[in-house]
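Source file: input-v1.cif. Holds: mmCIF, N, CA and C atoms.
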```cif
data_coords
#
loop_
_atom_site.label_atom_id
_atom_site.label_comp_id
_atom_site.auth_asym_id
_atom_site.auth_seq_id
_atom_site.Cartn_x
_atom_site.Cartn_y
_atom_site.Cartn_z
N MET A 87 -60.58 -4.17 171.58
CA MET A 87 -60.89 -2.76 171.73
C MET A 87 -59.91 -1.89 170.96
N GLN A 88 -58.65 -2.28 170.92
CA GLN A 88 -57.67 -1.46 170.21
C GLN A 88 -57.95 -1.43 168.71
N ILE A 89 -58.45 -2.51 168.17
CA ILE A 89 -58.73 -2.56 166.74
C ILE A 89 -59.89 -1.62 166.41
N SER A 90 -60.94 -1.63 167.22
CA SER A 90 -62.07 -0.74 166.94
C SER A 90 -61.66 0.72 167.08
N GLY A 91 -60.76 1.02 167.99
CA GLY A 91 -60.25 2.39 168.13
C GLY A 91 -59.49 2.82 166.90
N LYS A 92 -58.68 1.90 166.33
CA LYS A 92 -57.93 2.20 165.10
C LYS A 92 -58.88 2.38 163.92
N VAL A 93 -59.91 1.54 163.86
CA VAL A 93 -60.89 1.67 162.78
C VAL A 93 -61.60 3.01 162.87
N LEU A 94 -61.94 3.41 164.08
CA LEU A 94 -62.60 4.70 164.28
C LEU A 94 -61.68 5.84 163.86
N ALA A 95 -60.42 5.77 164.23
CA ALA A 95 -59.46 6.81 163.87
C ALA A 95 -59.30 6.91 162.35
N VAL A 96 -59.25 5.77 161.68
CA VAL A 96 -59.13 5.76 160.23
C VAL A 96 -60.40 6.35 159.60
N ALA A 97 -61.56 5.97 160.12
CA ALA A 97 -62.82 6.48 159.59
C ALA A 97 -62.90 8.00 159.74
N ILE A 98 -62.49 8.51 160.88
CA ILE A 98 -62.48 9.96 161.10
C ILE A 98 -61.49 10.63 160.15
N GLY A 99 -60.35 10.00 159.95
CA GLY A 99 -59.35 10.54 159.04
C GLY A 99 -59.87 10.68 157.62
N PHE A 100 -60.70 9.73 157.19
CA PHE A 100 -61.28 9.83 155.86
C PHE A 100 -62.43 10.84 155.81
N ALA A 101 -63.14 10.99 156.87
CA ALA A 101 -64.29 11.89 156.89
C ALA A 101 -63.89 13.36 156.93
N LEU A 102 -62.79 13.69 157.56
CA LEU A 102 -62.39 15.09 157.69
C LEU A 102 -62.13 15.76 156.34
N PRO A 103 -61.38 15.16 155.43
CA PRO A 103 -61.17 15.83 154.15
C PRO A 103 -62.46 16.03 153.37
N VAL A 104 -63.40 15.11 153.48
CA VAL A 104 -64.68 15.26 152.79
C VAL A 104 -65.42 16.46 153.34
N GLY A 105 -65.48 16.63 154.64
CA GLY A 105 -66.15 17.77 155.26
C GLY A 105 -65.47 19.08 154.89
N ALA A 106 -64.17 19.09 154.87
CA ALA A 106 -63.43 20.31 154.54
C ALA A 106 -63.65 20.71 153.09
N SER A 107 -63.71 19.74 152.18
CA SER A 107 -63.90 20.08 150.78
C SER A 107 -65.32 20.57 150.52
N ALA A 108 -66.26 20.14 151.30
CA ALA A 108 -67.64 20.60 151.13
C ALA A 108 -67.76 22.08 151.46
N GLN A 109 -66.96 22.57 152.37
CA GLN A 109 -67.02 23.97 152.76
C GLN A 109 -66.35 24.88 151.74
N SER A 110 -65.47 24.36 150.90
CA SER A 110 -64.75 25.21 149.96
C SER A 110 -65.48 25.32 148.63
N GLY A 111 -66.67 24.75 148.50
CA GLY A 111 -67.45 24.78 147.28
C GLY A 111 -68.22 26.07 147.15
N PRO A 112 -69.40 25.99 146.54
CA PRO A 112 -70.22 27.18 146.34
C PRO A 112 -70.61 27.84 147.66
N LEU A 113 -70.96 29.12 147.56
CA LEU A 113 -71.36 29.86 148.76
C LEU A 113 -72.60 29.23 149.38
N SER A 114 -72.65 29.24 150.68
CA SER A 114 -73.87 28.80 151.36
C SER A 114 -74.97 29.81 151.06
N ASP A 115 -76.21 29.42 151.31
CA ASP A 115 -77.32 30.33 151.08
C ASP A 115 -77.17 31.61 151.91
N GLN A 116 -76.70 31.48 153.15
CA GLN A 116 -76.54 32.66 154.01
C GLN A 116 -75.45 33.58 153.47
N ALA A 117 -74.34 33.01 153.01
CA ALA A 117 -73.26 33.83 152.47
C ALA A 117 -73.70 34.52 151.18
N TYR A 118 -74.42 33.81 150.33
CA TYR A 118 -74.92 34.38 149.07
C TYR A 118 -75.93 35.49 149.37
N CYS A 119 -76.82 35.24 150.31
CA CYS A 119 -77.81 36.24 150.69
C CYS A 119 -77.11 37.49 151.23
N SER A 120 -76.09 37.30 152.00
CA SER A 120 -75.33 38.42 152.54
C SER A 120 -74.66 39.22 151.42
N ALA A 121 -74.10 38.51 150.44
CA ALA A 121 -73.46 39.19 149.30
C ALA A 121 -74.50 39.97 148.49
N LEU A 122 -75.67 39.38 148.28
CA LEU A 122 -76.75 40.08 147.58
C LEU A 122 -77.16 41.32 148.36
N SER A 123 -77.32 41.18 149.67
CA SER A 123 -77.73 42.30 150.52
C SER A 123 -76.72 43.45 150.45
N GLN A 124 -75.45 43.10 150.50
CA GLN A 124 -74.41 44.13 150.44
C GLN A 124 -74.49 44.90 149.13
N LYS A 125 -74.67 44.18 148.02
CA LYS A 125 -74.79 44.85 146.73
C LYS A 125 -76.06 45.69 146.67
N TYR A 126 -77.15 45.15 147.19
CA TYR A 126 -78.41 45.88 147.19
C TYR A 126 -78.28 47.18 147.97
N VAL A 127 -77.72 47.09 149.17
CA VAL A 127 -77.57 48.28 150.01
C VAL A 127 -76.65 49.30 149.34
N ARG A 128 -75.60 48.82 148.71
CA ARG A 128 -74.63 49.73 148.09
C ARG A 128 -75.18 50.44 146.86
N TYR A 129 -75.90 49.70 146.02
CA TYR A 129 -76.29 50.26 144.73
C TYR A 129 -77.76 50.61 144.57
N VAL A 130 -78.64 50.00 145.35
CA VAL A 130 -80.07 50.18 145.11
C VAL A 130 -80.79 50.74 146.33
N GLY A 131 -80.63 50.09 147.44
CA GLY A 131 -81.52 50.33 148.57
C GLY A 131 -80.92 51.10 149.71
N TYR A 132 -81.12 50.56 150.87
CA TYR A 132 -80.75 51.26 152.09
C TYR A 132 -79.95 50.34 153.00
N GLY A 133 -79.32 50.96 153.96
CA GLY A 133 -78.67 50.25 155.04
C GLY A 133 -78.91 51.04 156.31
N ASN A 134 -78.46 50.53 157.41
CA ASN A 134 -78.67 51.24 158.68
C ASN A 134 -78.00 52.60 158.69
N GLU A 135 -76.96 52.77 157.88
CA GLU A 135 -76.22 54.04 157.84
C GLU A 135 -76.80 55.01 156.83
N THR A 136 -77.74 54.58 156.01
CA THR A 136 -78.27 55.39 154.92
C THR A 136 -79.24 56.44 155.46
N SER A 137 -79.24 57.60 154.81
CA SER A 137 -80.13 58.68 155.25
C SER A 137 -81.60 58.29 155.03
N ARG A 138 -82.49 58.94 155.74
CA ARG A 138 -83.93 58.65 155.64
C ARG A 138 -84.46 58.91 154.23
N HIS A 139 -83.89 59.89 153.52
CA HIS A 139 -84.35 60.18 152.16
C HIS A 139 -84.21 58.95 151.27
N TYR A 140 -83.08 58.31 151.34
CA TYR A 140 -82.85 57.14 150.50
C TYR A 140 -83.66 55.95 150.98
N GLN A 141 -83.90 55.85 152.26
CA GLN A 141 -84.72 54.75 152.78
C GLN A 141 -86.14 54.85 152.22
N ARG A 142 -86.65 56.06 152.11
CA ARG A 142 -88.01 56.22 151.59
C ARG A 142 -88.08 55.93 150.09
N SER A 143 -87.00 56.18 149.35
CA SER A 143 -87.05 56.00 147.91
C SER A 143 -86.70 54.58 147.46
N ALA A 144 -86.17 53.77 148.34
CA ALA A 144 -85.81 52.40 147.99
C ALA A 144 -87.06 51.52 147.98
N PRO A 145 -87.10 50.53 147.07
CA PRO A 145 -88.27 49.62 147.04
C PRO A 145 -88.45 48.89 148.37
N LEU A 146 -89.67 48.86 148.85
CA LEU A 146 -89.97 48.23 150.13
C LEU A 146 -89.64 46.74 150.12
N ALA A 147 -89.92 46.06 149.01
CA ALA A 147 -89.65 44.62 148.93
C ALA A 147 -88.17 44.32 149.15
N GLY A 148 -87.30 45.15 148.60
CA GLY A 148 -85.87 44.96 148.80
C GLY A 148 -85.44 45.22 150.23
N GLN A 149 -86.02 46.24 150.84
CA GLN A 149 -85.70 46.54 152.22
C GLN A 149 -86.10 45.39 153.13
N VAL A 150 -87.28 44.84 152.88
CA VAL A 150 -87.75 43.70 153.68
C VAL A 150 -86.83 42.50 153.46
N ALA A 151 -86.41 42.27 152.22
CA ALA A 151 -85.54 41.14 151.91
C ALA A 151 -84.19 41.25 152.61
N VAL A 152 -83.65 42.46 152.71
CA VAL A 152 -82.39 42.66 153.44
C VAL A 152 -82.57 42.25 154.90
N THR A 153 -83.67 42.66 155.50
CA THR A 153 -83.94 42.29 156.89
C THR A 153 -84.14 40.79 157.02
N GLN A 154 -84.86 40.18 156.09
CA GLN A 154 -85.07 38.73 156.12
C GLN A 154 -83.73 38.00 156.02
N CYS A 155 -82.86 38.49 155.18
CA CYS A 155 -81.54 37.87 155.03
C CYS A 155 -80.77 37.95 156.35
N GLN A 156 -80.83 39.07 157.01
CA GLN A 156 -80.14 39.23 158.28
C GLN A 156 -80.70 38.29 159.34
N ARG A 157 -81.97 37.94 159.22
CA ARG A 157 -82.62 37.01 160.16
C ARG A 157 -82.41 35.55 159.78
N GLY A 158 -81.79 35.30 158.63
CA GLY A 158 -81.55 33.93 158.19
C GLY A 158 -82.67 33.35 157.35
N GLU A 159 -83.61 34.17 156.92
CA GLU A 159 -84.72 33.72 156.09
C GLU A 159 -84.33 33.80 154.61
N THR A 160 -83.32 33.03 154.25
CA THR A 160 -82.71 33.14 152.93
C THR A 160 -83.61 32.69 151.79
N ALA A 161 -84.42 31.67 152.01
CA ALA A 161 -85.28 31.16 150.94
C ALA A 161 -86.26 32.22 150.44
N THR A 162 -86.67 33.10 151.32
CA THR A 162 -87.59 34.18 150.96
C THR A 162 -86.83 35.38 150.41
N ALA A 163 -85.67 35.68 150.98
CA ALA A 163 -84.96 36.91 150.65
C ALA A 163 -84.19 36.83 149.33
N ILE A 164 -83.58 35.70 149.03
CA ILE A 164 -82.71 35.60 147.85
C ILE A 164 -83.43 35.95 146.54
N PRO A 165 -84.60 35.36 146.25
CA PRO A 165 -85.25 35.70 144.98
C PRO A 165 -85.61 37.18 144.85
N VAL A 166 -86.00 37.80 145.95
CA VAL A 166 -86.37 39.21 145.92
C VAL A 166 -85.14 40.07 145.66
N LEU A 167 -84.06 39.79 146.36
CA LEU A 167 -82.83 40.57 146.16
C LEU A 167 -82.28 40.38 144.75
N GLU A 168 -82.32 39.15 144.25
CA GLU A 168 -81.87 38.91 142.87
C GLU A 168 -82.71 39.73 141.89
N ARG A 169 -84.02 39.70 142.05
CA ARG A 169 -84.91 40.44 141.15
C ARG A 169 -84.64 41.95 141.22
N GLU A 170 -84.50 42.48 142.43
CA GLU A 170 -84.27 43.92 142.58
C GLU A 170 -82.94 44.35 141.95
N LEU A 171 -81.91 43.53 142.13
CA LEU A 171 -80.61 43.86 141.54
C LEU A 171 -80.66 43.79 140.02
N VAL A 172 -81.28 42.75 139.48
CA VAL A 172 -81.39 42.62 138.02
C VAL A 172 -82.20 43.78 137.45
N ASN A 173 -83.31 44.13 138.09
CA ASN A 173 -84.13 45.25 137.62
C ASN A 173 -83.36 46.57 137.63
N ALA A 174 -82.41 46.70 138.53
CA ALA A 174 -81.61 47.91 138.62
C ALA A 174 -80.39 47.86 137.70
N GLY A 175 -80.21 46.74 136.99
CA GLY A 175 -79.08 46.61 136.07
C GLY A 175 -77.77 46.29 136.77
N ILE A 176 -77.85 45.74 137.96
CA ILE A 176 -76.65 45.39 138.74
C ILE A 176 -76.39 43.89 138.57
N SER A 177 -75.14 43.53 138.31
CA SER A 177 -74.81 42.11 138.15
C SER A 177 -74.87 41.40 139.51
N LEU A 178 -75.29 40.15 139.45
CA LEU A 178 -75.40 39.35 140.68
C LEU A 178 -74.03 38.81 141.06
N PRO A 179 -73.77 38.68 142.36
CA PRO A 179 -72.51 38.06 142.79
C PRO A 179 -72.50 36.59 142.44
N GLY A 180 -71.32 36.03 142.20
CA GLY A 180 -71.21 34.62 141.88
C GLY A 180 -71.46 33.76 143.10
N ARG A 181 -71.93 32.55 142.85
CA ARG A 181 -72.17 31.62 143.94
C ARG A 181 -71.01 30.66 144.13
N GLY A 182 -70.02 30.73 143.25
CA GLY A 182 -68.85 29.87 143.43
C GLY A 182 -68.70 28.82 142.47
#
```
I'd like the structure from this file rewritten - as C-alpha coordinates, please.
Amino acid sequence: MQISGKVLAVAIGFALPVGASAQSGPLSDQAYCSALSQKYVRYVGYGNETSRHYQRSAPLAGQVAVTQCQRGETATAIPVLERELVNAGISLPGRG
(Lines of atoms letter the chains of each structure in order from A and count residues from 1; the text may use other names and numbers.)
(Lines give C-alpha, C1' and ligand atoms only; values in the text may rest on other atoms or scores of the structure.)
Protein backbone atom coordinates (compact mmCIF):
# COMPACT_ATOMS: atom_id res chain seq x y z
CA MET A 1 0.00 0.00 0.00
CA GLN A 2 2.82 2.42 0.74
CA ILE A 3 4.28 1.96 -2.73
CA SER A 4 0.97 2.75 -4.46
CA GLY A 5 0.61 5.85 -2.29
CA LYS A 6 4.08 7.02 -3.36
CA VAL A 7 3.27 6.32 -7.00
CA LEU A 8 0.08 8.33 -6.67
CA ALA A 9 1.96 11.23 -5.05
CA VAL A 10 4.54 11.23 -7.84
CA ALA A 11 1.81 11.09 -10.50
CA ILE A 12 0.03 14.06 -8.92
CA GLY A 13 3.32 15.92 -8.70
CA PHE A 14 3.82 15.53 -12.44
CA ALA A 15 0.23 16.42 -13.29
CA LEU A 16 0.12 19.71 -11.38
CA PRO A 17 2.70 21.58 -13.48
CA VAL A 18 0.96 20.46 -16.67
CA GLY A 19 -2.39 21.82 -15.44
CA ALA A 20 -0.83 25.08 -14.30
CA SER A 21 0.93 25.66 -17.61
CA ALA A 22 -2.30 25.09 -19.51
CA GLN A 23 -3.90 27.99 -17.68
CA SER A 24 -1.10 30.43 -18.54
CA GLY A 25 -1.55 29.98 -22.31
CA PRO A 26 -4.02 31.73 -24.60
CA LEU A 27 -7.14 33.34 -23.21
CA SER A 28 -10.08 31.06 -22.64
CA ASP A 29 -13.11 31.66 -24.83
CA GLN A 30 -14.92 33.32 -21.91
CA ALA A 31 -12.00 35.65 -21.15
CA TYR A 32 -11.63 36.56 -24.84
CA CYS A 33 -15.36 37.15 -25.17
CA SER A 34 -15.24 39.38 -22.11
CA ALA A 35 -12.34 41.38 -23.58
CA LEU A 36 -14.24 41.77 -26.87
CA SER A 37 -17.36 42.88 -24.98
CA GLN A 38 -15.43 45.47 -23.00
CA LYS A 39 -13.97 46.95 -26.19
CA TYR A 40 -17.34 46.85 -27.91
CA VAL A 41 -19.08 48.63 -25.03
CA ARG A 42 -16.31 51.21 -24.77
CA TYR A 43 -15.95 52.10 -28.44
CA VAL A 44 -19.02 50.94 -30.37
CA GLY A 45 -22.04 49.87 -28.43
CA TYR A 46 -23.68 50.07 -25.10
CA GLY A 47 -23.34 48.95 -21.54
CA ASN A 48 -25.65 48.98 -18.56
CA GLU A 49 -24.32 52.44 -17.66
CA THR A 50 -24.79 53.89 -21.16
CA SER A 51 -27.55 56.39 -21.85
CA ARG A 52 -30.65 55.28 -23.78
CA HIS A 53 -29.63 57.45 -26.76
CA TYR A 54 -26.51 55.40 -27.35
CA GLN A 55 -28.33 52.13 -26.73
CA ARG A 56 -30.72 52.94 -29.57
CA SER A 57 -27.92 53.88 -31.97
CA ALA A 58 -25.74 50.82 -31.33
CA PRO A 59 -26.12 47.81 -33.68
CA LEU A 60 -28.59 45.31 -32.26
CA ALA A 61 -26.43 42.32 -33.20
CA GLY A 62 -23.58 43.66 -31.06
CA GLN A 63 -25.86 44.34 -28.13
CA VAL A 64 -27.21 40.80 -28.30
CA ALA A 65 -23.66 39.41 -28.53
CA VAL A 66 -22.62 41.28 -25.37
CA THR A 67 -25.54 39.69 -23.52
CA GLN A 68 -24.72 36.26 -24.96
CA CYS A 69 -21.14 36.64 -23.80
CA GLN A 70 -22.31 37.48 -20.29
CA ARG A 71 -24.42 34.31 -20.35
CA GLY A 72 -21.45 32.19 -21.44
CA GLU A 73 -22.67 31.68 -25.02
CA THR A 74 -19.22 32.43 -26.40
CA ALA A 75 -19.41 30.40 -29.62
CA THR A 76 -22.25 32.61 -30.82
CA ALA A 77 -21.04 35.92 -29.40
CA ILE A 78 -17.35 35.97 -30.38
CA PRO A 79 -17.77 36.10 -34.19
CA VAL A 80 -20.38 38.86 -33.93
CA LEU A 81 -18.29 40.99 -31.59
CA GLU A 82 -15.19 40.49 -33.75
CA ARG A 83 -17.13 41.55 -36.86
CA GLU A 84 -18.64 44.62 -35.17
CA LEU A 85 -15.26 45.77 -33.85
CA VAL A 86 -13.52 45.26 -37.20
CA ASN A 87 -16.33 47.10 -39.02
CA ALA A 88 -15.88 50.01 -36.60
CA GLY A 89 -12.11 50.08 -37.22
CA ILE A 90 -11.27 48.91 -33.69
CA SER A 91 -8.38 46.48 -33.23
CA LEU A 92 -9.22 43.12 -31.67
CA PRO A 93 -7.70 42.16 -28.31
CA GLY A 94 -4.99 39.51 -28.44
CA ARG A 95 -5.78 35.96 -27.48
CA GLY A 96 -2.35 35.31 -26.01
Distance query segment 145-150 of chain A at most 6 Å, only N, CA and C atoms, self and fewer than 3 positions along chain excluded, as JSON, numbers by chain: {"A": [131, 153, 154, 155, 166, 167]}
What does the distance between atom C of Lys125 of chain A and atom CA of Thr160 of chain A come to in Å, to one decimal place? 15.5 Å
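Distance-wise, atom CA of Ser114 of chain A and atom CA of Val172 of chain A end up 20.6 Å apart.
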Written as a PDB file with N, CA and C atoms, in the frame of the given file, which residues does the PyMOL selection byres (((chain A and resi 126 and name CA) around 10) and name CA) give for the file shown?
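expr-v6.pdb, written as the output of this step:
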```pdb
ATOM      1  N   SER A 120     -76.090  37.300 152.000  1.00  0.00           N
ATOM      2  CA  SER A 120     -75.330  38.420 152.540  1.00  0.00           C
ATOM      3  C   SER A 120     -74.660  39.220 151.420  1.00  0.00           C
ATOM      4  N   ALA A 121     -74.100  38.510 150.440  1.00  0.00           N
ATOM      5  CA  ALA A 121     -73.460  39.190 149.300  1.00  0.00           C
ATOM      6  C   ALA A 121     -74.500  39.970 148.490  1.00  0.00           C
ATOM      7  N   LEU A 122     -75.670  39.380 148.280  1.00  0.00           N
ATOM      8  CA  LEU A 122     -76.750  40.080 147.580  1.00  0.00           C
ATOM      9  C   LEU A 122     -77.160  41.320 148.360  1.00  0.00           C
ATOM     10  N   SER A 123     -77.320  41.180 149.670  1.00  0.00           N
ATOM     11  CA  SER A 123     -77.730  42.300 150.520  1.00  0.00           C
ATOM     12  C   SER A 123     -76.720  43.450 150.450  1.00  0.00           C
ATOM     13  N   GLN A 124     -75.450  43.100 150.500  1.00  0.00           N
ATOM     14  CA  GLN A 124     -74.410  44.130 150.440  1.00  0.00           C
ATOM     15  C   GLN A 124     -74.490  44.900 149.130  1.00  0.00           C
ATOM     16  N   LYS A 125     -74.670  44.180 148.020  1.00  0.00           N
ATOM     17  CA  LYS A 125     -74.790  44.850 146.730  1.00  0.00           C
ATOM     18  C   LYS A 125     -76.060  45.690 146.670  1.00  0.00           C
ATOM     19  N   VAL A 127     -77.720  47.090 149.170  1.00  0.00           N
ATOM     20  CA  VAL A 127     -77.570  48.280 150.010  1.00  0.00           C
ATOM     21  C   VAL A 127     -76.650  49.300 149.340  1.00  0.00           C
ATOM     22  N   ARG A 128     -75.600  48.820 148.710  1.00  0.00           N
ATOM     23  CA  ARG A 128     -74.630  49.730 148.090  1.00  0.00           C
ATOM     24  C   ARG A 128     -75.180  50.440 146.860  1.00  0.00           C
ATOM     25  N   TYR A 129     -75.900  49.700 146.020  1.00  0.00           N
ATOM     26  CA  TYR A 129     -76.290  50.260 144.730  1.00  0.00           C
ATOM     27  C   TYR A 129     -77.760  50.610 144.570  1.00  0.00           C
ATOM     28  N   VAL A 130     -78.640  50.000 145.350  1.00  0.00           N
ATOM     29  CA  VAL A 130     -80.070  50.180 145.110  1.00  0.00           C
ATOM     30  C   VAL A 130     -80.790  50.740 146.330  1.00  0.00           C
ATOM     31  N   GLY A 131     -80.630  50.090 147.440  1.00  0.00           N
ATOM     32  CA  GLY A 131     -81.520  50.330 148.570  1.00  0.00           C
ATOM     33  C   GLY A 131     -80.920  51.100 149.710  1.00  0.00           C
ATOM     34  N   TYR A 132     -81.120  50.560 150.870  1.00  0.00           N
ATOM     35  CA  TYR A 132     -80.750  51.260 152.090  1.00  0.00           C
ATOM     36  C   TYR A 132     -79.950  50.340 153.000  1.00  0.00           C
ATOM     37  N   GLY A 133     -79.320  50.960 153.960  1.00  0.00           N
ATOM     38  CA  GLY A 133     -78.670  50.250 155.040  1.00  0.00           C
ATOM     39  C   GLY A 133     -78.910  51.040 156.310  1.00  0.00           C
ATOM     40  N   ALA A 144     -86.170  53.770 148.340  1.00  0.00           N
ATOM     41  CA  ALA A 144     -85.810  52.400 147.990  1.00  0.00           C
ATOM     42  C   ALA A 144     -87.060  51.520 147.980  1.00  0.00           C
ATOM     43  N   GLY A 148     -87.300  45.150 148.600  1.00  0.00           N
ATOM     44  CA  GLY A 148     -85.870  44.960 148.800  1.00  0.00           C
ATOM     45  C   GLY A 148     -85.440  45.220 150.230  1.00  0.00           C
ATOM     46  N   GLN A 149     -86.020  46.240 150.840  1.00  0.00           N
ATOM     47  CA  GLN A 149     -85.700  46.540 152.220  1.00  0.00           C
ATOM     48  C   GLN A 149     -86.100  45.390 153.130  1.00  0.00           C
ATOM     49  N   ALA A 151     -86.410  42.270 152.220  1.00  0.00           N
ATOM     50  CA  ALA A 151     -85.540  41.140 151.910  1.00  0.00           C
ATOM     51  C   ALA A 151     -84.190  41.250 152.610  1.00  0.00           C
ATOM     52  N   VAL A 152     -83.650  42.460 152.710  1.00  0.00           N
ATOM     53  CA  VAL A 152     -82.390  42.660 153.440  1.00  0.00           C
ATOM     54  C   VAL A 152     -82.570  42.250 154.900  1.00  0.00           C
ATOM     55  N   LEU A 167     -84.060  39.790 146.360  1.00  0.00           N
ATOM     56  CA  LEU A 167     -82.830  40.570 146.160  1.00  0.00           C
ATOM     57  C   LEU A 167     -82.280  40.380 144.750  1.00  0.00           C
ATOM     58  N   GLU A 168     -82.320  39.150 144.250  1.00  0.00           N
ATOM     59  CA  GLU A 168     -81.870  38.910 142.870  1.00  0.00           C
ATOM     60  C   GLU A 168     -82.710  39.730 141.890  1.00  0.00           C
ATOM     61  N   GLU A 170     -84.500  42.480 142.430  1.00  0.00           N
ATOM     62  CA  GLU A 170     -84.270  43.920 142.580  1.00  0.00           C
ATOM     63  C   GLU A 170     -82.940  44.350 141.950  1.00  0.00           C
ATOM     64  N   LEU A 171     -81.910  43.530 142.130  1.00  0.00           N
ATOM     65  CA  LEU A 171     -80.610  43.860 141.540  1.00  0.00           C
ATOM     66  C   LEU A 171     -80.660  43.790 140.020  1.00  0.00           C
ATOM     67  N   ALA A 174     -82.410  46.700 138.530  1.00  0.00           N
ATOM     68  CA  ALA A 174     -81.610  47.910 138.620  1.00  0.00           C
ATOM     69  C   ALA A 174     -80.390  47.860 137.700  1.00  0.00           C
ATOM     70  N   ILE A 176     -77.850  45.740 137.960  1.00  0.00           N
ATOM     71  CA  ILE A 176     -76.650  45.390 138.740  1.00  0.00           C
ATOM     72  C   ILE A 176     -76.390  43.890 138.570  1.00  0.00           C
ATOM     73  N   LEU A 178     -75.290  40.150 139.450  1.00  0.00           N
ATOM     74  CA  LEU A 178     -75.400  39.350 140.680  1.00  0.00           C
ATOM     75  C   LEU A 178     -74.030  38.810 141.060  1.00  0.00           C
TER      76      LEU A 178
END
```
Atomic distance atom N of Glu159 of chain A - atom CA of Leu113 of chain A, expressed in Å with one decimal: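 Interatomic distance, atom N of Glu159 of chain A to atom CA of Leu113 of chain A: 15.3 Å.
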What's around Gly180 of chain A at 8 Å? Count only N, CA and C atoms, leave out sequence neighbours fewer than 3 positions away in its own chain, and write the answer as a list in words.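 These residues fall inside the cut-off: Pro112, Leu113, Tyr118 and Ser177 of chain A.
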